[in-house]
Each structure stands twice: as C-alpha cells, then as structure tokens.
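Undergrad: My questions all concern the structure below.
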Amino acid sequence: MVNEPDPKSDELRSAEVTVGPRSAPARAYFRAMGYDDEDFAAPLVGIANPAADLTPCNVHLTGLADAAFDRINTVGGMPVRFGTITVSDGISMGTEGMKASLVSREHIANSVELVSFAERLDGLVTLAGCDKSLPGMMMAAVRTDLPTVFCYGGTVRPGNYRGQDVTIQDVFEGVGAHASGELSEADLNELERSACPGPGACAGMFSANTMAALSEALGLAPLGSATAPAESAERLAQVRDAGELVVDCIENDRRPSEVLSRQSFKNAIRLQVAIGGSTNGVLHLIAIAREAGIELTLEDFDRISDRIPHICNLRPGGEYTMSDLHEQGGVPIVIRRLLEAGLFDGDVMTVTGRTIETDLRRLDLPPDEDVDDPVVRPIGDPIHDRGALVVLTGNLAPGGAVLKITGSEAFRHEGTARVFEGEEPAMEWVQAGKLESGDVIVVRNEGPRGGPGMREMLGITSAVVGQGHEEDVVLVTDGRFSGATRGPMIGHVSPEAAVGGPIAAIESGDTVRVDIPNRTLGVDLSASELEERLSRWHPPQAAYTAGVLGMYATLFESASNGAITNPGLTKK
C-alpha cells in the first residue's frame, strides 16, 4: 500500500496540486521529475531564472539557481526551477532591437506571475542579471504577493586596458572617439577585448547595479546582497542563504505587501540620489510602486534629491565601480552614513522580518573611518550638495523630464535645437562630425508609445562625449538613457511626441534653455506659438501595428507613470 503524502497546511496554495486524491495526476507529473512524498508535504518554491547565453549579465545564473535549489531542498522546501526571457540591452543598444528592452521588463513580470499562478506556487526566489530582469522580477514579486526573496546575479569586475580600469562605458565612448579620429581602430579593438572580463552585469553604477542597490533599500533583498561580484564565493553564498530565507518567509507568511511602504520607496530614492544611480531607477521605482498600490511621483524624486547629498564617486560620472564599493562594505556603508545623518528611515521592514536598522547592526561592517573617502564621501564633504538626480519641468516638458548630474550641479545651457525624428538620423549626424559646441540635440518619437519601447541611447550619448562634448552639448529626448550615460542628457520628456507633447512642436533652429538650479527645461516659444504649431501636428504613423511591439505601443503609459502596461493600474 502506498502512503498518502503527509498533511500540509491548507493555507499553502500548493496543497491544490500536491495533496489528496484529486491531486494524483499532478503528483504523477512531479514524480516523473524525481519528487517524492516528502517533497509533497513541503511548500512549493519557484526559482525564476532568466539565464541565457545572450548576455554576460545572465550567463552564469543557472549555477546560482542550482545553489538556491539545493538549499531550499535542504531546509524543507520543494524547489522548482523555471525560466523567463531576457534581452541584452548592451548588445541591442543603438539598433531597432533596443525597442524590445522595456517590453522585456513587462514580459518577465508577466511570465513569473503566470507560472506562479498556474502552478500554485507558495513562494519565489527571483534571480536577475541584465537591466530589465531586475525590475521585472521585483514587479512580479509585488504583483503575486508571494513570499519572495530577490537575488541579484552580481556585477562584473572592471577590465584592464593598458593599466587602467575600464568598463563597457569606455567602449561606447571609444566609438565616438574613433569617429572623431582620436582613437585608432586598433586601439578600439584592444579596448573592446579588455572591457568585459567575464560574467556579471556592467561594472559601473549603471542600471542593473542601481536596481540591485535599490532592492536593498526597498527591503526586497537582504541588506548587503547587492555588490558582491558575479564570480565570487560571496555571491554564491548569498543565493544559498536566499534559498533558506524564502522558506522562512513562507513559514511566517512574510510577503512583499508587508515589507513595502511609501517609506520604503522614499528610502530607495534617497539611496539612488546618494549613489548617483541610473535615471532608469526613476522609471522602475514608479512602476514597482504602482504594482504595490503606493503613490510615487516625479515630484517625490526631485524633493528628496534636493535634501540628500551625492556621496558616491561611481561611474559613469565618477571613477569607481560596483566592486570597489563592495570592497568598502557595499550598500550598507552608504545607508549607514545616511542613517546617521538622519537622512534615511531605519524603521522600515525588510524581507528578513527585521528592520533595516536592526539588520545593519547585525552586519560585520568596517568602521566608518576605514571607508575610503575617494569611493564613498562623508556626508559633510559630498561630491554634490544635492542628489545626483533632478526633475526638470517647463514648456518643453510640462509632465517632467529627468537628468542625472554627472558634472556641475550649477549647469545652465542655451543652444540651438537640432531636431531628429528618432535615434538613427541623430547618430548619423553626430558621427558625420556635424556636432558643434552649444548644440541641443532633440531626439523625439522614442517614448514608450512612440518608439515604441522607449529605447536607451547610450550609443549617441557616448558618441557625443567621446567627441569631447561632455559639458557643451545637451541631448533632449522622450526616450531614455543607459545608466552608463554621462553629461547633460535629458530624458523621459513627458508628454512624449507621439501623443502630442510640446517636444513634437520643436523645429531645428529654435532656442532651448536648460537651467538645473531652477529645474527648468524650455523652448523659446510663447504659449500661443506652441499651440499653433501643435494644431498643425499629426500623430506619426505607427512603426509597428502587429506583433508584440504593436501590442505594447497601445499599452504603455507615460514615462512619468513608470511606462507601466498593466491596465488595472492605469485606473488608479
């Protein structure tokens, strides 16, 4: 006689597929994969794994998924692995394929939600590497509200080029330097071969590392888990620990809805502006907050940034990388400095069931005086007195636009608009050597709907900087930028051109003004002139009317609302 599995709590959703006579077919499928009666009595834990040979950020994730699987199995869970899509932002950058990047965030969240719902999972370990897999996994955790531990795959260490640390940022900027004749093809080839020495996400405080850091401030990942390199014993140990922690979360019914609060998101913004994080953090934090039903606006980012100093000397605007920050003690070092200055809320909850301040005390961190000031500056002696993120408004961006400060926080600029209908003609113009000091490059119809997909434009911003125009040329777009972008590059202009925003009315030759101290972005046109031009405007023909891009072109919300596509959220 075959014994029935031991009873499991009716509160566990997986009982629907592992307990009782009606579950015999489901158990038969599980038995085919090696599961047994002991497994059926345990909580069913999904390990969402976007591993792929498409990007070094994710190429190693299967080994991490296996480590989480083994630990979950050891501590009394029933682990199951499943995959999600991923795309490489860096490989698709500058191509039509980059339009799929932001769409992939939505598909990752959707796929994890679908698997969790269909298979009646009790909890999740979500792995992430390349840029959109991080917010996609966090959105899925919030949407499913299952006990979840977020795990980052880790950063790549910097490469070495003639004795200097280099990252992929240097290669992109090298393309611009090569176009202007300042870097030979042989030198560019050598740089290309040096920049990415192995697995892991891009080395600077770019989009992936930014979102990994913010996962700690949000409380969705354990404190101290963001900075360890991909190829390190620490990274492997952290993923194993996550496997144990998720079972504890299930046993104590600890869910994202109990961790996240408006204060969690305010903490994440505080950290973002202190470390000089990617502008993509704005887009993703708003999207995650919308999933959680928590109000978060562009005004929150600007108001908080006005109070928090920028203290981390990290690329792209600074000198150091994520692994350098790790050697100093990681994200907890930054949080500790903010907390001691009264600039961070230590009472918010985390996935561990403890507050951030409690978890901070439990870590073995170096004394504050041992932290190298070149990497993490003291609060009283920051890189910038205000945070590295500003939100600009004005007659060109009444719904807001976003800029990351990598140079002077007193930057002002007045220049002549050079208007382009998309990224490619603008890039051709720059690479042809037509760029002049003082220009304002305007790239429109690259927003969430207009692109569709809101492409990142690291290629063109790097070409501008690589040609020596980091401080005297501005780029304005309704698209967005890579976290590796530096210089006065203004993105997320809202409303976007495709829906008739003022950026649709600009003409080459107009005068555009940028004023960071006063937080304004404007074009030298009266309200009546703008209105008259827009009255003659017609929506551009949709680039895609079918397939996944055609579908998402109709679903994307404004960048100021996180470019979400969940129809239930757009009604809130």
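Just remember, in the structure tokens the first chain shown is A, the second B, etc., residues are 1-based per chain, and ligands are 1-based in the order shown.
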Write out as a compact mmCIF listing (two decimals) with N, CA and C atoms, in the first residue's frame all residues of segment 291-507 of chain A that DSSP puts in strand (DSSP E) for this structure's backbone.
TA:
```txt
# COMPACT_ATOMS: atom_id res chain seq x y z
N LEU A 389 20.17 63.41 -9.02
CA LEU A 389 19.03 63.34 -9.92
C LEU A 389 18.21 64.62 -9.82
N VAL A 390 17.83 65.15 -10.98
CA VAL A 390 16.94 66.32 -10.98
C VAL A 390 15.78 66.06 -11.93
N VAL A 391 14.65 66.63 -11.60
CA VAL A 391 13.47 66.59 -12.45
C VAL A 391 13.24 68.01 -12.97
N LEU A 392 13.20 68.14 -14.28
CA LEU A 392 13.02 69.44 -14.92
C LEU A 392 11.59 69.55 -15.46
N GLY A 400 7.26 66.71 -16.96
CA GLY A 400 8.53 66.39 -16.33
C GLY A 400 9.53 65.75 -17.28
N ALA A 401 10.80 65.90 -16.94
CA ALA A 401 11.90 65.24 -17.63
C ALA A 401 12.96 64.95 -16.57
N VAL A 402 13.85 64.01 -16.87
CA VAL A 402 14.79 63.53 -15.86
C VAL A 402 16.22 63.69 -16.34
N LEU A 403 17.09 64.12 -15.43
CA LEU A 403 18.51 64.31 -15.72
C LEU A 403 19.33 63.80 -14.55
N LYS A 404 20.37 63.04 -14.85
CA LYS A 404 21.33 62.63 -13.82
C LYS A 404 22.54 63.56 -13.92
N ARG A 412 23.93 75.45 -16.63
CA ARG A 412 22.93 76.15 -17.42
C ARG A 412 23.37 76.12 -18.87
N HIS A 413 22.41 76.08 -19.77
CA HIS A 413 22.76 75.98 -21.19
C HIS A 413 21.67 76.61 -22.03
N GLU A 414 22.07 77.35 -23.04
CA GLU A 414 21.16 77.88 -24.05
C GLU A 414 21.76 77.57 -25.41
N GLY A 415 21.00 76.88 -26.24
CA GLY A 415 21.56 76.48 -27.52
C GLY A 415 20.51 76.26 -28.58
N THR A 416 21.02 76.00 -29.78
CA THR A 416 20.16 75.83 -30.95
C THR A 416 19.73 74.38 -31.09
N ALA A 417 18.44 74.18 -31.28
CA ALA A 417 17.91 72.83 -31.42
C ALA A 417 18.27 72.23 -32.77
N ARG A 418 18.72 70.98 -32.72
CA ARG A 418 18.92 70.16 -33.92
C ARG A 418 17.96 68.98 -33.77
N VAL A 419 16.88 68.96 -34.52
CA VAL A 419 15.76 68.06 -34.27
C VAL A 419 15.83 66.84 -35.19
N PHE A 420 15.62 65.68 -34.58
CA PHE A 420 15.67 64.42 -35.32
C PHE A 420 14.47 63.54 -34.95
N VAL A 440 21.86 71.70 -29.11
CA VAL A 440 20.91 70.91 -28.32
C VAL A 440 20.29 69.89 -29.27
N ILE A 441 20.71 68.65 -29.14
CA ILE A 441 20.18 67.58 -29.98
C ILE A 441 18.83 67.16 -29.40
N VAL A 442 17.80 67.20 -30.23
CA VAL A 442 16.46 66.80 -29.81
C VAL A 442 16.08 65.54 -30.58
N VAL A 443 15.89 64.45 -29.87
CA VAL A 443 15.51 63.17 -30.47
C VAL A 443 14.11 62.83 -29.97
N VAL A 474 23.93 69.47 -25.23
CA VAL A 474 22.81 68.85 -24.49
C VAL A 474 22.03 67.95 -25.44
N LEU A 475 21.54 66.85 -24.92
CA LEU A 475 20.62 66.00 -25.68
C LEU A 475 19.31 65.92 -24.91
N VAL A 476 18.21 66.13 -25.63
CA VAL A 476 16.88 66.11 -25.04
C VAL A 476 16.04 65.09 -25.81
N THR A 477 15.38 64.19 -25.09
CA THR A 477 14.60 63.15 -25.76
C THR A 477 13.42 62.68 -24.91
N MET A 489 22.40 65.02 -20.40
CA MET A 489 21.48 64.28 -21.26
C MET A 489 20.13 64.17 -20.55
N ILE A 490 19.11 64.72 -21.16
CA ILE A 490 17.79 64.86 -20.52
C ILE A 490 16.81 63.92 -21.20
N GLY A 491 16.26 62.98 -20.44
CA GLY A 491 15.35 62.00 -20.99
C GLY A 491 13.99 62.01 -20.32
N HIS A 492 13.14 61.07 -20.76
CA HIS A 492 11.81 60.87 -20.20
C HIS A 492 10.92 62.11 -20.38
N VAL A 493 11.20 62.95 -21.41
CA VAL A 493 10.39 64.15 -21.62
C VAL A 493 8.93 63.75 -21.78
N SER A 494 8.09 64.37 -20.99
CA SER A 494 6.68 63.99 -20.92
C SER A 494 5.80 65.24 -20.97
```
Undergrad: Could you build a table of the residues in segment 428-500 of chain A lying no more than 12 Å from segment 199-202 of chain A, giving for each the nearest pair of atoms and their separation in Å rounded to one decimal place, using only C-alpha atoms, ordered by chain and ascending residue number, as a tab-separated table?
TA:
```
residue	atom	partner	partner_atom	distance
A:Ser482	CA	A:Cys202	CA	10.8
A:Gly483	CA	A:Cys202	CA	9.5
A:Ala484	CA	A:Cys202	CA	8.7
```
Undergrad: Show me, as an MDAnalysis selection string, the residues that have an atom within 7 Å of segment 277-289 of chain A when counting only C-alpha atoms, minus same-chain residues fewer than 3 positions from it.
TA: chainID A and resid 135 138:139 205:207 210:211 272:273 292:297 402:404 483 559 561:564
Undergrad: With a distance cut-off of 10 Å and only C-alpha atoms, select the neighbouring residues of Gly198 of chain A, excluding the residue or stretch itself and same-chain residues fewer than 5 positions from it, and output the selection as a list in words.
TA: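 Answer for this query is Pro56, Cys57, Val59, His60, Thr155, Val156, Arg157, Pro158, Gly159, Ala230 and Glu231 of chain A.
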Undergrad: List as a PyMOL selection string the protein and nucleic acid residues near segment 519-531 of chain A, meaning an atom at most 6 Å away when only C-alpha atoms are counted, but skip any in the same chain fewer than 4 places from it.
TA: chain A and resi 392-396+511-515
Undergrad: Tell me which of A:Arg143, A:Val87, A:Ser194, A:Asp302 sits closest to Lys99 of chain A, counting only C-alpha atoms.
TA: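 Of A:Arg143, A:Val87, A:Ser194, A:Asp302, the one nearest Lys99 of chain A, counting only C-alpha atoms, is A:Val87.
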Undergrad: Name all residues at most 9 Å from segment 370-386 of chain A (count only C-alpha atoms; drop same-chain ones fewer than 2 positions away) and give them as a count of residues only.
TA: 34
Undergrad: Report the distance between atom CA of Cys151 of chain A and atom CA of Ala242 of chain A in Å, rounded to one decimal place.
TA: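 Atom-to-atom, atom CA of Cys151 of chain A to atom CA of Ala242 of chain A, that is 7.2 Å.
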Undergrad: Taking only segment 50-141 of chain A into account, list the residues labelled helix (DSSP H, G or I) by DSSP (computed from the backbone), as an NGL selection string.
TA: :A and (61-74 or 89-92 or 96-118 or 133-141)
Undergrad: Can you write just those residues out, N, CA and C atoms, as a tab-separated table (two decimals), in the first residue's frame?
TA:
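Written out: again_0.tsv:
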```tsv
chain	number	residue	atom	x	y	z
A	61	LEU	N	23.66	32.42	-14.41
A	61	LEU	CA	22.58	32.35	-13.42
A	61	LEU	C	22.11	30.93	-13.14
A	62	THR	N	22.32	30.01	-14.08
A	62	THR	CA	21.87	28.64	-13.83
A	62	THR	C	22.61	28.03	-12.64
A	63	GLY	N	23.89	28.33	-12.52
A	63	GLY	CA	24.64	27.84	-11.36
A	63	GLY	C	24.10	28.41	-10.06
A	64	LEU	N	23.67	29.67	-10.07
A	64	LEU	CA	23.09	30.28	-8.88
A	64	LEU	C	21.71	29.66	-8.59
A	65	ALA	N	20.94	29.42	-9.65
A	65	ALA	CA	19.63	28.77	-9.45
A	65	ALA	C	19.80	27.39	-8.83
A	66	ASP	N	20.83	26.67	-9.26
A	66	ASP	CA	21.09	25.34	-8.69
A	66	ASP	C	21.44	25.44	-7.20
A	67	ALA	N	22.20	26.48	-6.85
A	67	ALA	CA	22.58	26.66	-5.44
A	67	ALA	C	21.35	26.95	-4.59
A	68	ALA	N	20.46	27.80	-5.10
A	68	ALA	CA	19.22	28.10	-4.38
A	68	ALA	C	18.36	26.84	-4.27
A	69	PHE	N	18.29	26.05	-5.34
A	69	PHE	CA	17.52	24.80	-5.35
A	69	PHE	C	17.99	23.86	-4.24
A	70	ASP	N	19.30	23.67	-4.17
A	70	ASP	CA	19.85	22.74	-3.18
A	70	ASP	C	19.54	23.18	-1.75
A	71	ARG	N	19.66	24.49	-1.48
A	71	ARG	CA	19.42	24.97	-0.12
A	71	ARG	C	17.94	24.87	0.24
A	72	ILE	N	17.07	25.22	-0.69
A	72	ILE	CA	15.63	25.10	-0.42
A	72	ILE	C	15.27	23.66	-0.10
A	73	ASN	N	15.83	22.75	-0.88
A	73	ASN	CA	15.56	21.33	-0.67
A	73	ASN	C	16.07	20.87	0.69
A	74	THR	N	17.23	21.40	1.10
A	74	THR	CA	17.84	21.00	2.36
A	74	THR	C	17.03	21.47	3.57
A	89	ASP	N	20.50	44.53	-23.16
A	89	ASP	CA	20.42	45.94	-23.54
A	89	ASP	C	21.69	46.39	-24.26
A	90	GLY	N	22.84	45.93	-23.76
A	90	GLY	CA	24.10	46.37	-24.35
A	90	GLY	C	24.28	45.90	-25.77
A	91	ILE	N	23.88	44.67	-26.08
A	91	ILE	CA	24.03	44.15	-27.44
A	91	ILE	C	23.03	44.80	-28.39
A	92	SER	N	21.82	45.05	-27.91
A	92	SER	CA	20.80	45.65	-28.79
A	92	SER	C	20.91	47.17	-28.87
A	96	GLU	N	17.42	48.78	-33.84
A	96	GLU	CA	15.97	48.70	-33.72
A	96	GLU	C	15.56	47.73	-32.62
A	97	GLY	N	16.43	46.73	-32.38
A	97	GLY	CA	16.12	45.74	-31.36
A	97	GLY	C	16.00	46.29	-29.96
A	98	MET	N	16.60	47.47	-29.71
A	98	MET	CA	16.53	48.06	-28.37
A	98	MET	C	15.09	48.40	-27.98
A	99	LYS	N	14.20	48.48	-28.96
A	99	LYS	CA	12.80	48.76	-28.65
A	99	LYS	C	12.16	47.63	-27.84
A	100	ALA	N	12.79	46.47	-27.84
A	100	ALA	CA	12.25	45.34	-27.08
A	100	ALA	C	12.65	45.37	-25.62
A	101	SER	N	13.59	46.23	-25.26
A	101	SER	CA	14.15	46.20	-23.91
A	101	SER	C	13.11	46.44	-22.83
A	102	LEU	N	12.41	47.56	-22.90
A	102	LEU	CA	11.43	47.86	-21.87
A	102	LEU	C	10.25	46.90	-21.92
A	103	VAL	N	9.92	46.43	-23.12
A	103	VAL	CA	8.88	45.41	-23.25
A	103	VAL	C	9.28	44.16	-22.47
A	104	SER	N	10.57	43.84	-22.48
A	104	SER	CA	11.01	42.62	-21.79
A	104	SER	C	10.78	42.71	-20.28
A	105	ARG	N	10.84	43.91	-19.72
A	105	ARG	CA	10.51	44.08	-18.29
A	105	ARG	C	9.11	43.58	-18.02
A	106	GLU	N	8.19	43.96	-18.88
A	106	GLU	CA	6.80	43.56	-18.71
A	106	GLU	C	6.63	42.05	-18.90
A	107	HIS	N	7.33	41.50	-19.89
A	107	HIS	CA	7.19	40.07	-20.15
A	107	HIS	C	7.78	39.23	-19.02
A	108	ILE	N	8.87	39.69	-18.44
A	108	ILE	CA	9.45	38.96	-17.31
A	108	ILE	C	8.46	38.95	-16.14
A	109	ALA	N	7.92	40.11	-15.82
A	109	ALA	CA	6.93	40.18	-14.73
A	109	ALA	C	5.72	39.30	-15.05
A	110	ASN	N	5.25	39.37	-16.28
A	110	ASN	CA	4.08	38.59	-16.66
A	110	ASN	C	4.35	37.09	-16.58
A	111	SER	N	5.53	36.66	-17.03
A	111	SER	CA	5.81	35.23	-17.06
A	111	SER	C	5.93	34.66	-15.66
A	112	VAL	N	6.57	35.40	-14.75
A	112	VAL	CA	6.68	34.92	-13.37
A	112	VAL	C	5.29	34.87	-12.73
A	113	GLU	N	4.49	35.87	-12.99
A	113	GLU	CA	3.12	35.86	-12.45
A	113	GLU	C	2.34	34.67	-12.98
A	114	LEU	N	2.46	34.41	-14.27
A	114	LEU	CA	1.69	33.31	-14.88
A	114	LEU	C	2.11	31.96	-14.32
A	115	VAL	N	3.41	31.72	-14.23
A	115	VAL	CA	3.87	30.44	-13.70
A	115	VAL	C	3.46	30.28	-12.24
A	116	SER	N	3.62	31.33	-11.46
A	116	SER	CA	3.26	31.27	-10.04
A	116	SER	C	1.79	30.97	-9.85
A	117	PHE	N	0.98	31.60	-10.68
A	117	PHE	CA	-0.48	31.41	-10.60
A	117	PHE	C	-0.87	30.02	-11.08
A	118	ALA	N	-0.33	29.61	-12.22
A	118	ALA	CA	-0.74	28.35	-12.82
A	118	ALA	C	-0.32	27.15	-11.98
A	133	SER	N	15.65	42.62	-16.15
A	133	SER	CA	15.24	41.47	-15.35
A	133	SER	C	15.10	41.85	-13.88
A	134	LEU	N	15.81	42.88	-13.42
A	134	LEU	CA	15.69	43.27	-12.01
A	134	LEU	C	14.33	43.88	-11.70
A	135	PRO	N	13.92	44.97	-12.37
A	135	PRO	CA	12.58	45.49	-12.06
A	135	PRO	C	11.49	44.51	-12.44
A	136	GLY	N	11.70	43.73	-13.51
A	136	GLY	CA	10.68	42.74	-13.89
A	136	GLY	C	10.43	41.74	-12.78
A	137	MET	N	11.50	41.25	-12.16
A	137	MET	CA	11.35	40.30	-11.06
A	137	MET	C	10.72	40.95	-9.83
A	138	MET	N	11.10	42.19	-9.54
A	138	MET	CA	10.52	42.88	-8.38
A	138	MET	C	9.04	43.18	-8.61
A	139	MET	N	8.69	43.56	-9.83
A	139	MET	CA	7.27	43.79	-10.14
A	139	MET	C	6.47	42.50	-9.99
A	140	ALA	N	7.07	41.39	-10.41
A	140	ALA	CA	6.37	40.10	-10.28
A	140	ALA	C	6.15	39.74	-8.82
A	141	ALA	N	7.17	39.98	-7.98
A	141	ALA	CA	7.03	39.68	-6.56
A	141	ALA	C	5.90	40.48	-5.94
```
Undergrad: Using only C-alpha atoms, which residue out of A:Thr18, A:Ser508, A:Ala208, A:Ala24 lies closest to Glu119 of chain A?
TA: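 Result for the nearest residue to Glu119 of chain A: A:Thr18.
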Undergrad: Got a sec: who's within 12 Å of Leu245 of chain A, counting only C-alpha atoms, leaving out chain neighbours fewer than 5 positions off, as a PyMOL selection string?
TA: chain A and resi 45+68+71-72+75-77+123-125+147-151+220-222+238-240+250-254+350-353
Undergrad: How far is it from atom CA of Met457 of chain A to atom CA of Asp53 of chain A, in Å with one decimal?
TA: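 Spanning atom CA of Met457 of chain A to atom CA of Asp53 of chain A is a straight-line distance of 23.3 Å.
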Undergrad: How close does segment 434-519 of chain A get to segment 180-186 of chain A? List, as CSV, each residue of segment 434-519 of chain A within 12 Å, its nearest atom pair and the distance in Å to one decimal, counting only C-alpha atoms.
TA:
```
residue,atom,partner,partner_atom,distance
A:Lys434,CA,A:Ser180,CA,10.6
A:Leu435,CA,A:Ser180,CA,10.6
A:Ala463,CA,A:Ser180,CA,9.0
A:Val464,CA,A:Ser180,CA,10.0
A:Val465,CA,A:Ser180,CA,10.9
A:Gly466,CA,A:Ser180,CA,8.1
A:Gln467,CA,A:Ser180,CA,5.9
A:Gly468,CA,A:Ser180,CA,9.1
A:His469,CA,A:Ser180,CA,11.4
```
Undergrad: Taking only C-alpha atoms into account, name the residue in A:Gly459, A:Gly450, A:Pro398, A:Gly501 that is nearest to Pro540 of chain A.
TA: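 Of all the options, A:Gly450 lies closest to Pro540 of chain A.
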